[in-house]
2 protein chains.
Amino acid sequence: MIKGQSKASESKLLLLSQEEADRRLAKLRAAMHGLGMEYGLITGNSNKYYLTGRVFLGSILVTPSSITYYVRRPVELEGENVVYFRKPEDISVDFPSIALELDELSYNQVIRLTKVFHDDRPGNLSAALRITRAVKTAEEIGMIEGSGVLQDSVYRKIPGLYEQGMSDIELQIEIERASRLEGCLGQFRISGDSMELFMGNVLAGDNADSPSPYDFAMGGAGIDPSIPVGADGTLIKRGMSVMVDVNGNYTGYMTDMTRVFRAGKVSELAEKAHRTSIDIHRLLQSAAKPGTLASDLYNMALELVRERDLESYYMGHRQHAGFIGHGVGIEINELPVIAPRSKDIVAKHNVIALEPKFVIPGTGAVGIENTYVVEGDGMRCVTHAPEEMIDLF
Amino acid sequence: MIKGQSKASESKLLLLSQEEADRRLAKLRAAMHGLGMEYGLITGNSNKYYLTGRVFLGSILVTPSSITYYVRRPVELEGENVVYFRKPEDISVDFPSIALELDELSYNQVIRLTKVFHDDRPGNLSAALRITRAVKTAEEIGMIEGSGVLQDSVYRKIPGLYEQGMSDIELQIEIERASRLEGCLGQFRISGDSMELFMGNVLAGDNADSPSPYDFAMGGAGIDPSIPVGADGTLIKRGMSVMVDVNGNYTGYMTDMTRVFRAGKVSELAEKAHRTSIDIHRLLQSAAKPGTLASDLYNMALELVRERDLESYYMGHRQHAGFIGHGVGIEINELPVIAPRSKDIVAKHNVIALEPKFVIPGTGAVGIENTYVVEGDGMRCVTHAPEEMIDLF
């Protein structure tokens with residue numbers, strides 16, 4: 001159930017052990033070095049959380065020989081190299097160059113920082129952080145596994161949450177509540193422009209085929225055009241599939257899991273497609289070894305889909321998604337990306353959410369999503385709810 | 001209760017009436033003109049929603065004589081000036097200069113667009129949009145009023161949601177569920193770097209005094225250091241105040257409302273501070289006429305707080321917030337800002353959330369927040385739940 005008082009109220013800034021903090025910093029320095037960067041300022045919440053185990057308002061300055069935590073809020077944090085400051089201009093430095101999170105920080109924020117650091121061509125620290133965070137430490141994997149256990153527990157409760165006559169959104173609200181009572185933190189961290197989502201999606205019947213502006217695997221019209229994604233108030237009726245893809249962020253690290261619930265008997269085509277999704281999981285689970293090209297995994301899955309003559313339903317019907325998997329951790333869209341033109345290479349201790357899905361007109365969305373840890377000989381699954389379609393009634 | 005099928009599934013891109021769309025565009029053009037901009041590209045979701053009534057992946061190009069909707073997703077949208085495109089480079093243009101959302105777009109995104117538009121010193125369209133959106137149209141005000149009615153209805157249910165032995169987070173989860181069942185869209189739109197929040201906050205007892213990194217009026221330690229804000233698992237006990245500030249986004253436009261629930265009898269100091277908050281509301285409600293300086297409103301409130309000898313509890317105790325009110329609409333932090341160094345001037349049809357609050361050690365947070373529409377003779381309240389402290393038990 002829900003955890004008690006948060007570690008955030010501790011006065012120590014660093015909530016990671018010193019060893020773990022050093023390990024992550026060393027990985028970041030290596031990635032920066034590989035990209036020709038020596039000095040970097042980290043400002044994004046996800047990246048500060050990665051390096052310290054907490055979120056604060058301020059920045060972290062990394063040099064080849066030092067790390068300094070510039071804090072504005074909260075008050076009263078303590079620790080080595082903690083400096084309270086009011087504004088970036090208070091950071092007095094003299095470096096040959098600086099790297100900044102150019103994919104996350106706003107243009108105006110970067111312009112301001114380039115003046116502080118007297119460097120009008122900053123390096124892209126976002127790239128170094130993405131590379132660093134793609135390969136998880138043992139502690140991070142433990143937290144992801146922790147989220148998986150709790151998300152499993154919620155998913156197993158879903159058939160018991162359904163009541164006759166419910167709409168998709170009514171079922172979703174009960175799943176949200178069950179998730180929150182299990183300790184789900186709610187907040188869905190996603191990077192990238194124009195991406196937003198509340199607490200995951202429940203898609204019933206043909207709403208799964210409603211095209212959405214967002215770059216998620218599935219769509220849905222939503223209940224209001226201001227947030228056009230997900231459940232749209234569809235009454236759950238016999239013959240529909242109900243796809244549940246609700247946030248697994250229980251520990252600061254996320255798992256991503258999708259399961260399908262069946263309202264009575266669904267079409268044979270839907271059953272076949274669901275079976276194919278599970279088969280793709282087994283295929284890629286053993287194929288995704290360190291060194292494998294992410295694009296090869298994509299193509300391997302597509303080949304199986306074509307063999308079974310399911311391509312027009314694959315990753316959407318009216319509108320198709322361009323990827324079937326993505327890294328997951330502090331944010332829902334980390335590296336590697338499993339897509340046709342991805343340049344990513346699978347590495348040991350990547351954590352990958354794989355989601356080969358189908359939309360079958362007249363039935364709805366089918367297929368599963370699991371989160372995996374890449375080990376030496378393939379991928380180990382950390383989301384364990386039953387994979388077959390589960391009877392809602 | 002929850003709305004049915006969303007208008008987002010309509011094939012018409014423009015979900016506003018043509019008159020309303022034209023009205024908003026004319027306002028934006030006037031604001032751009034005032035800032036010396038003639039050509040602008042709008043990419044942010046909130047701003048696209050403002051101009052069209054829907055969110056899509058793509059951009060809107062505004063010139064002195066035209067508006068073009070460049071759409072990437074969803075597929076199948078129709079209408080005048082709708083152009084499907086794959087990437088910004090497909091926009092073929094020849095303008096003397098371009099304005100972009102420099103406060104919202106990432107540095108790398110802007111750099112890419114400056115190449116498309118052959119202008120390496122883009123104007124800041126974010127400023128023009130903030131000014132435009134600060135003054136609401138009648139239709140926008142109607143949507144805000146609509147959110148207010150539903151949020152009121154949820155707040156009135158709160159005492160009935162409390163059960164003996166609940167913690168702050170358990171009560172929050174029931175309020176979240178009641179909100180969602182009333183049609184709350186969940187997603188909390190907030191602009192500005194490093195700002196994030198799930199679905200509002202419930203603060204019980206001394207957790208209200210836990211400093212948070214986020215620039216909200218109140219803090220709280222949260223249940224996990226990855227999102228250190230809000231409820232922290234505090235058991236609700238006799239003598240505590242429980243402050244509820246949960247999202248009011250029911251229509252694409254938000255209201256922001258805070259009420260305080262009393263667990264038995266609370267301290268006299270807490271009662272006095274709560275009374276003072278209500279008095280500040282009445283004072284500023286009549287003082288905030290078009291033309292008033294936002295900073296004058298801030299100072300007027302502070303004067304009353306000082307007269308009553310409550311300054312050390314005002315807007316936090318261990319850590320103090322620097323503002324007592326903010327514009328609200330599509331996002332939770334619009335203009336004007338009611339703060340000591342604010343340069344904003346109150347205008348007719350601004351919508352302002354006013355939240356003079358106090359933290360009383362040993363009791364918790366007190367004070368209320370209402371959302372107001374600025375009319376010719378002061379502010380009209382659109383959040384109507386009872387303002388006095390309400391008995392939880």
# chains A, B, ... in the order shown; residues from 1 in each chain; ligands from 1
>>> select_by_dssp(residues="range 52-249 of chain A", states="helix (DSSP H, G or I)", output="ChimeraX atom specification")
/A:52,88-90,107-116,125-134,138-161,168-181,205-209
>>> residues_around(residues="Ile42 in chain A", least_positions_apart="6", cutoff="12 Å", atoms="only C-alpha atoms", output="count of residues only")
38
>>> residues_around(residues="Leu304 in chain B", least_positions_apart="2", cutoff="10 Å", atoms="only C-alpha atoms", output="list of chain:residue names")
B:Thr276, B:Ser277, B:Asp279, B:Ile280, B:Leu283, B:Asn299, B:Met300, B:Ala301, B:Leu302, B:Arg306, B:Glu307, B:Arg308, B:Asp309, B:Leu310, B:Glu311
>>> atom_distance(atom1="CA of Ala273 in chain A", atom2="CA of Ile332 in chain A")
25.1 Å
>>> interface_residues(of="chain A", to="chain B", cutoff="6 Å", atoms="only C-alpha atoms", output="PyMOL selection string")
chain A and resi 4-9+54+56-57+73-74+102-108+186-187+198+211-213+221+223-226+228+232-233+252
>>> residues_around(residues="range 363-372 of chain B", least_positions_apart="3", cutoff="7 Å", atoms="only C-alpha atoms", output="PDB file with N, CA and C atoms, in the first residue's frame")
ATOM      1  N   ALA B 204      -2.131  17.936   4.906  1.00  0.00           N
ATOM      2  CA  ALA B 204      -2.660  17.780   6.265  1.00  0.00           C
ATOM      3  C   ALA B 204      -1.578  18.115   7.287  1.00  0.00           C
ATOM      4  N   GLY B 205      -1.934  18.901   8.276  1.00  0.00           N
ATOM      5  CA  GLY B 205      -1.029  19.184   9.397  1.00  0.00           C
ATOM      6  C   GLY B 205       0.288  19.780   8.947  1.00  0.00           C
ATOM      7  N   ASP B 206       1.346  19.418   9.656  1.00  0.00           N
ATOM      8  CA  ASP B 206       2.646  20.051   9.417  1.00  0.00           C
ATOM      9  C   ASP B 206       3.285  19.718   8.077  1.00  0.00           C
ATOM     10  N   ALA B 208       2.163  20.600   5.442  1.00  0.00           N
ATOM     11  CA  ALA B 208       1.986  21.840   4.668  1.00  0.00           C
ATOM     12  C   ALA B 208       3.228  22.715   4.755  1.00  0.00           C
ATOM     13  N   GLY B 239      -7.340  18.286  15.388  1.00  0.00           N
ATOM     14  CA  GLY B 239      -6.560  19.517  15.556  1.00  0.00           C
ATOM     15  C   GLY B 239      -5.838  19.951  14.296  1.00  0.00           C
ATOM     16  N   MET B 240      -5.835  19.088  13.277  1.00  0.00           N
ATOM     17  CA  MET B 240      -5.169  19.427  12.014  1.00  0.00           C
ATOM     18  C   MET B 240      -6.120  20.145  11.063  1.00  0.00           C
ATOM     19  N   SER B 241      -5.560  21.008  10.245  1.00  0.00           N
ATOM     20  CA  SER B 241      -6.298  21.504   9.089  1.00  0.00           C
ATOM     21  C   SER B 241      -5.896  20.662   7.880  1.00  0.00           C
ATOM     22  N   VAL B 242      -6.839  20.458   6.989  1.00  0.00           N
ATOM     23  CA  VAL B 242      -6.581  19.698   5.758  1.00  0.00           C
ATOM     24  C   VAL B 242      -6.931  20.610   4.583  1.00  0.00           C
ATOM     25  N   MET B 243      -5.913  21.047   3.859  1.00  0.00           N
ATOM     26  CA  MET B 243      -6.123  21.969   2.744  1.00  0.00           C
ATOM     27  C   MET B 243      -6.267  21.174   1.445  1.00  0.00           C
ATOM     28  N   THR B 255     -10.601  26.074 -13.476  1.00  0.00           N
ATOM     29  CA  THR B 255     -10.735  26.930 -12.301  1.00  0.00           C
ATOM     30  C   THR B 255      -9.760  26.402 -11.268  1.00  0.00           C
ATOM     31  N   ASP B 256      -9.389  27.270 -10.347  1.00  0.00           N
ATOM     32  CA  ASP B 256      -8.450  26.896  -9.300  1.00  0.00           C
ATOM     33  C   ASP B 256      -9.121  27.307  -7.992  1.00  0.00           C
ATOM     34  N   MET B 257      -9.350  26.320  -7.135  1.00  0.00           N
ATOM     35  CA  MET B 257     -10.079  26.580  -5.887  1.00  0.00           C
ATOM     36  C   MET B 257      -9.432  25.792  -4.757  1.00  0.00           C
ATOM     37  N   THR B 258      -9.292  26.418  -3.604  1.00  0.00           N
ATOM     38  CA  THR B 258      -8.780  25.746  -2.413  1.00  0.00           C
ATOM     39  C   THR B 258      -9.773  25.938  -1.272  1.00  0.00           C
ATOM     40  N   ARG B 259     -10.021  24.879  -0.545  1.00  0.00           N
ATOM     41  CA  ARG B 259     -10.831  24.972   0.661  1.00  0.00           C
ATOM     42  C   ARG B 259     -10.124  24.213   1.779  1.00  0.00           C
ATOM     43  N   VAL B 260     -10.491  24.563   3.026  1.00  0.00           N
ATOM     44  CA  VAL B 260      -9.850  23.936   4.179  1.00  0.00           C
ATOM     45  C   VAL B 260     -10.878  23.174   4.998  1.00  0.00           C
ATOM     46  N   VAL B 266      -9.548  23.476  15.553  1.00  0.00           N
ATOM     47  CA  VAL B 266      -8.156  23.864  15.274  1.00  0.00           C
ATOM     48  C   VAL B 266      -7.796  25.094  16.110  1.00  0.00           C
ATOM     49  N   SER B 267      -6.523  25.446  16.117  1.00  0.00           N
ATOM     50  CA  SER B 267      -6.039  26.539  16.976  1.00  0.00           C
ATOM     51  C   SER B 267      -6.705  27.878  16.630  1.00  0.00           C
ATOM     52  N   ALA B 270      -5.027  29.610  13.794  1.00  0.00           N
ATOM     53  CA  ALA B 270      -5.427  29.098  12.476  1.00  0.00           C
ATOM     54  C   ALA B 270      -6.756  29.695  12.039  1.00  0.00           C
ATOM     55  N   ALA B 273      -6.157  33.288  10.984  1.00  0.00           N
ATOM     56  CA  ALA B 273      -5.485  33.372   9.675  1.00  0.00           C
ATOM     57  C   ALA B 273      -6.463  33.032   8.547  1.00  0.00           C
ATOM     58  N   HIS B 274      -7.296  32.037   8.776  1.00  0.00           N
ATOM     59  CA  HIS B 274      -8.279  31.669   7.741  1.00  0.00           C
ATOM     60  C   HIS B 274      -9.238  32.841   7.491  1.00  0.00           C
ATOM     61  N   SER B 277      -7.580  35.418   5.399  1.00  0.00           N
ATOM     62  CA  SER B 277      -7.563  35.061   3.977  1.00  0.00           C
ATOM     63  C   SER B 277      -8.872  35.465   3.314  1.00  0.00           C
ATOM     64  N   ILE B 278      -9.987  35.140   3.963  1.00  0.00           N
ATOM     65  CA  ILE B 278     -11.305  35.509   3.398  1.00  0.00           C
ATOM     66  C   ILE B 278     -11.422  37.031   3.298  1.00  0.00           C
ATOM     67  N   VAL B 351      -8.790  36.410 -15.953  1.00  0.00           N
ATOM     68  CA  VAL B 351      -9.325  35.445 -14.988  1.00  0.00           C
ATOM     69  C   VAL B 351      -8.201  35.135 -14.014  1.00  0.00           C
ATOM     70  N   ILE B 352      -8.466  35.401 -12.739  1.00  0.00           N
ATOM     71  CA  ILE B 352      -7.398  35.377 -11.738  1.00  0.00           C
ATOM     72  C   ILE B 352      -7.750  34.427 -10.598  1.00  0.00           C
ATOM     73  N   ALA B 353      -6.817  33.535 -10.285  1.00  0.00           N
ATOM     74  CA  ALA B 353      -6.947  32.700  -9.085  1.00  0.00           C
ATOM     75  C   ALA B 353      -6.168  33.386  -7.979  1.00  0.00           C
ATOM     76  N   LEU B 354      -6.875  33.670  -6.897  1.00  0.00           N
ATOM     77  CA  LEU B 354      -6.268  34.402  -5.781  1.00  0.00           C
ATOM     78  C   LEU B 354      -6.135  33.427  -4.624  1.00  0.00           C
ATOM     79  N   GLU B 355      -4.927  33.326  -4.049  1.00  0.00           N
ATOM     80  CA  GLU B 355      -4.721  32.306  -3.018  1.00  0.00           C
ATOM     81  C   GLU B 355      -3.854  32.781  -1.857  1.00  0.00           C
ATOM     82  N   PRO B 356      -4.348  33.775  -1.104  1.00  0.00           N
ATOM     83  CA  PRO B 356      -3.616  34.158   0.110  1.00  0.00           C
ATOM     84  C   PRO B 356      -3.783  33.052   1.151  1.00  0.00           C
ATOM     85  N   LYS B 357      -2.692  32.416   1.514  1.00  0.00           N
ATOM     86  CA  LYS B 357      -2.759  31.254   2.404  1.00  0.00           C
ATOM     87  C   LYS B 357      -1.758  31.409   3.536  1.00  0.00           C
ATOM     88  N   PHE B 358      -1.926  30.612   4.563  1.00  0.00           N
ATOM     89  CA  PHE B 358      -1.041  30.651   5.721  1.00  0.00           C
ATOM     90  C   PHE B 358      -0.675  29.223   6.122  1.00  0.00           C
ATOM     91  N   VAL B 359       0.502  29.069   6.709  1.00  0.00           N
ATOM     92  CA  VAL B 359       0.859  27.797   7.329  1.00  0.00           C
ATOM     93  C   VAL B 359       1.064  28.044   8.820  1.00  0.00           C
ATOM     94  N   ILE B 360       0.251  27.386   9.645  1.00  0.00           N
ATOM     95  CA  ILE B 360       0.320  27.543  11.097  1.00  0.00           C
ATOM     96  C   ILE B 360       0.958  26.273  11.682  1.00  0.00           C
ATOM     97  N   MET B 379     -13.913  42.104  -9.189  1.00  0.00           N
ATOM     98  CA  MET B 379     -13.831  40.713  -9.640  1.00  0.00           C
ATOM     99  C   MET B 379     -15.081  39.931  -9.235  1.00  0.00           C
ATOM    100  N   ARG B 380     -15.554  39.121 -10.181  1.00  0.00           N
ATOM    101  CA  ARG B 380     -16.714  38.260  -9.967  1.00  0.00           C
ATOM    102  C   ARG B 380     -16.218  36.836  -9.750  1.00  0.00           C
ATOM    103  N   CYS B 381     -16.670  36.231  -8.646  1.00  0.00           N
ATOM    104  CA  CYS B 381     -16.187  34.902  -8.273  1.00  0.00           C
ATOM    105  C   CYS B 381     -16.896  33.806  -9.072  1.00  0.00           C
ATOM    106  N   VAL B 382     -16.152  32.808  -9.518  1.00  0.00           N
ATOM    107  CA  VAL B 382     -16.779  31.690 -10.242  1.00  0.00           C
ATOM    108  C   VAL B 382     -16.604  30.345  -9.518  1.00  0.00           C
ATOM    109  N   THR B 383     -16.037  30.397  -8.311  1.00  0.00           N
ATOM    110  CA  THR B 383     -15.899  29.166  -7.501  1.00  0.00           C
ATOM    111  C   THR B 383     -16.676  29.392  -6.211  1.00  0.00           C
ATOM    112  N   GLU B 387     -16.819  29.101   1.995  1.00  0.00           N
ATOM    113  CA  GLU B 387     -15.452  29.570   2.226  1.00  0.00           C
ATOM    114  C   GLU B 387     -14.953  29.321   3.638  1.00  0.00           C
TER     115      GLU B 387
END
>>> select_by_dssp(residues="range 77-264 of chain A", states="strand (DSSP E)", output="PyMOL selection string")
chain A and resi 82-84+99-100+123-124+200-204+241-246+248-249+254-255+259-262
>>> write_last_selection(atoms="N, CA, C and O atoms", output="compact mmCIF listing (two decimals), in the first residue's frame")
# COMPACT_ATOMS: atom_id res chain seq x y z
N VAL A 82 26.90 21.61 -1.85
CA VAL A 82 25.58 22.23 -2.00
C VAL A 82 25.75 23.74 -1.83
O VAL A 82 26.28 24.20 -0.83
N VAL A 83 25.33 24.50 -2.84
CA VAL A 83 25.46 25.95 -2.82
C VAL A 83 24.07 26.54 -3.08
O VAL A 83 23.45 26.22 -4.09
N TYR A 84 23.58 27.38 -2.18
CA TYR A 84 22.32 28.07 -2.46
C TYR A 84 22.58 29.28 -3.35
O TYR A 84 23.57 29.98 -3.17
N ALA A 99 28.11 22.45 -21.90
CA ALA A 99 27.04 21.66 -22.54
C ALA A 99 25.77 21.85 -21.73
O ALA A 99 25.80 21.89 -20.49
N LEU A 100 24.66 21.97 -22.43
CA LEU A 100 23.35 22.21 -21.80
C LEU A 100 22.33 21.25 -22.38
O LEU A 100 22.53 20.69 -23.47
N GLY A 123 27.29 22.69 -26.18
CA GLY A 123 27.12 21.29 -26.57
C GLY A 123 25.76 20.77 -26.11
O GLY A 123 25.15 21.34 -25.22
N ASN A 124 25.32 19.67 -26.73
CA ASN A 124 24.00 19.13 -26.38
C ASN A 124 24.09 18.05 -25.31
O ASN A 124 24.22 16.86 -25.59
N GLY A 200 -2.38 7.26 -18.37
CA GLY A 200 -2.50 6.09 -19.21
C GLY A 200 -3.88 6.01 -19.83
O GLY A 200 -4.70 6.92 -19.66
N ASN A 201 -4.12 4.93 -20.54
CA ASN A 201 -5.32 4.86 -21.37
C ASN A 201 -6.05 3.54 -21.24
O ASN A 201 -5.45 2.49 -21.11
N VAL A 202 -7.36 3.65 -21.32
CA VAL A 202 -8.23 2.48 -21.46
C VAL A 202 -9.00 2.69 -22.75
O VAL A 202 -9.67 3.71 -22.92
N LEU A 203 -8.85 1.76 -23.69
CA LEU A 203 -9.48 1.90 -25.00
C LEU A 203 -10.46 0.76 -25.22
O LEU A 203 -10.07 -0.41 -25.19
N ALA A 204 -11.71 1.10 -25.46
CA ALA A 204 -12.74 0.08 -25.67
C ALA A 204 -13.28 0.16 -27.09
O ALA A 204 -13.59 1.25 -27.59
N SER A 241 -13.02 -5.59 -27.29
CA SER A 241 -11.82 -5.72 -26.48
C SER A 241 -11.62 -4.41 -25.73
O SER A 241 -11.96 -3.34 -26.24
N VAL A 242 -11.08 -4.53 -24.53
CA VAL A 242 -10.79 -3.34 -23.72
C VAL A 242 -9.30 -3.39 -23.38
O VAL A 242 -8.85 -4.26 -22.64
N MET A 243 -8.55 -2.47 -23.98
CA MET A 243 -7.10 -2.44 -23.77
C MET A 243 -6.76 -1.50 -22.62
O MET A 243 -7.16 -0.35 -22.63
N VAL A 244 -6.01 -2.02 -21.66
CA VAL A 244 -5.63 -1.22 -20.48
C VAL A 244 -4.11 -0.99 -20.51
O VAL A 244 -3.33 -1.93 -20.48
N ASP A 245 -3.73 0.29 -20.57
CA ASP A 245 -2.32 0.69 -20.59
C ASP A 245 -2.20 1.87 -19.63
O ASP A 245 -2.21 3.02 -20.03
N VAL A 246 -2.14 1.54 -18.33
CA VAL A 246 -2.18 2.58 -17.29
C VAL A 246 -0.84 2.64 -16.57
O VAL A 246 -0.20 1.62 -16.31
N GLY A 248 2.67 2.83 -14.76
CA GLY A 248 3.32 1.97 -13.77
C GLY A 248 4.42 2.69 -13.00
O GLY A 248 5.46 2.10 -12.75
N ASN A 249 4.18 3.94 -12.64
CA ASN A 249 5.23 4.69 -11.92
C ASN A 249 4.99 4.67 -10.42
O ASN A 249 4.29 5.50 -9.86
N MET A 254 9.52 3.76 -13.91
CA MET A 254 8.27 3.22 -14.43
C MET A 254 8.42 1.85 -15.05
O MET A 254 9.45 1.55 -15.66
N THR A 255 7.37 1.07 -14.93
CA THR A 255 7.18 -0.03 -15.87
C THR A 255 6.02 0.36 -16.77
O THR A 255 5.19 1.19 -16.42
N ARG A 259 -2.51 -4.82 -21.01
CA ARG A 259 -3.24 -6.08 -21.08
C ARG A 259 -4.59 -5.83 -21.72
O ARG A 259 -5.09 -4.70 -21.71
N VAL A 260 -5.18 -6.90 -22.24
CA VAL A 260 -6.47 -6.76 -22.92
C VAL A 260 -7.53 -7.59 -22.20
O VAL A 260 -7.29 -8.75 -21.84
N PHE A 261 -8.67 -6.96 -21.99
CA PHE A 261 -9.79 -7.61 -21.34
C PHE A 261 -10.89 -7.77 -22.37
O PHE A 261 -11.10 -6.92 -23.23
N ARG A 262 -11.57 -8.91 -22.29
CA ARG A 262 -12.49 -9.34 -23.33
C ARG A 262 -13.90 -9.26 -22.78
O ARG A 262 -14.20 -9.84 -21.73
>>> atom_distance(atom1="CA of Glu38 in chain A", atom2="CA of Gln18 in chain A")
21.6 Å
>>> residues_around(residues="Val116 in chain B", least_positions_apart="4", cutoff="9 Å", atoms="only C-alpha atoms", output="ChimeraX atom specification")
/B:88-93,111-112
>>> write_last_selection(atoms="C-alpha atoms", output="tab-separated table (two decimals), in the first residue's frame")
chain	number	residue	atom	x	y	z
B	88	PRO	CA	8.84	21.86	-40.70
B	89	GLU	CA	11.22	21.90	-43.67
B	90	ASP	CA	8.18	21.25	-45.90
B	91	ILE	CA	6.85	24.70	-45.06
B	92	SER	CA	7.94	26.81	-47.99
B	93	VAL	CA	8.01	30.46	-47.05
B	111	ILE	CA	17.36	26.33	-34.06
B	112	ARG	CA	15.77	23.97	-36.57
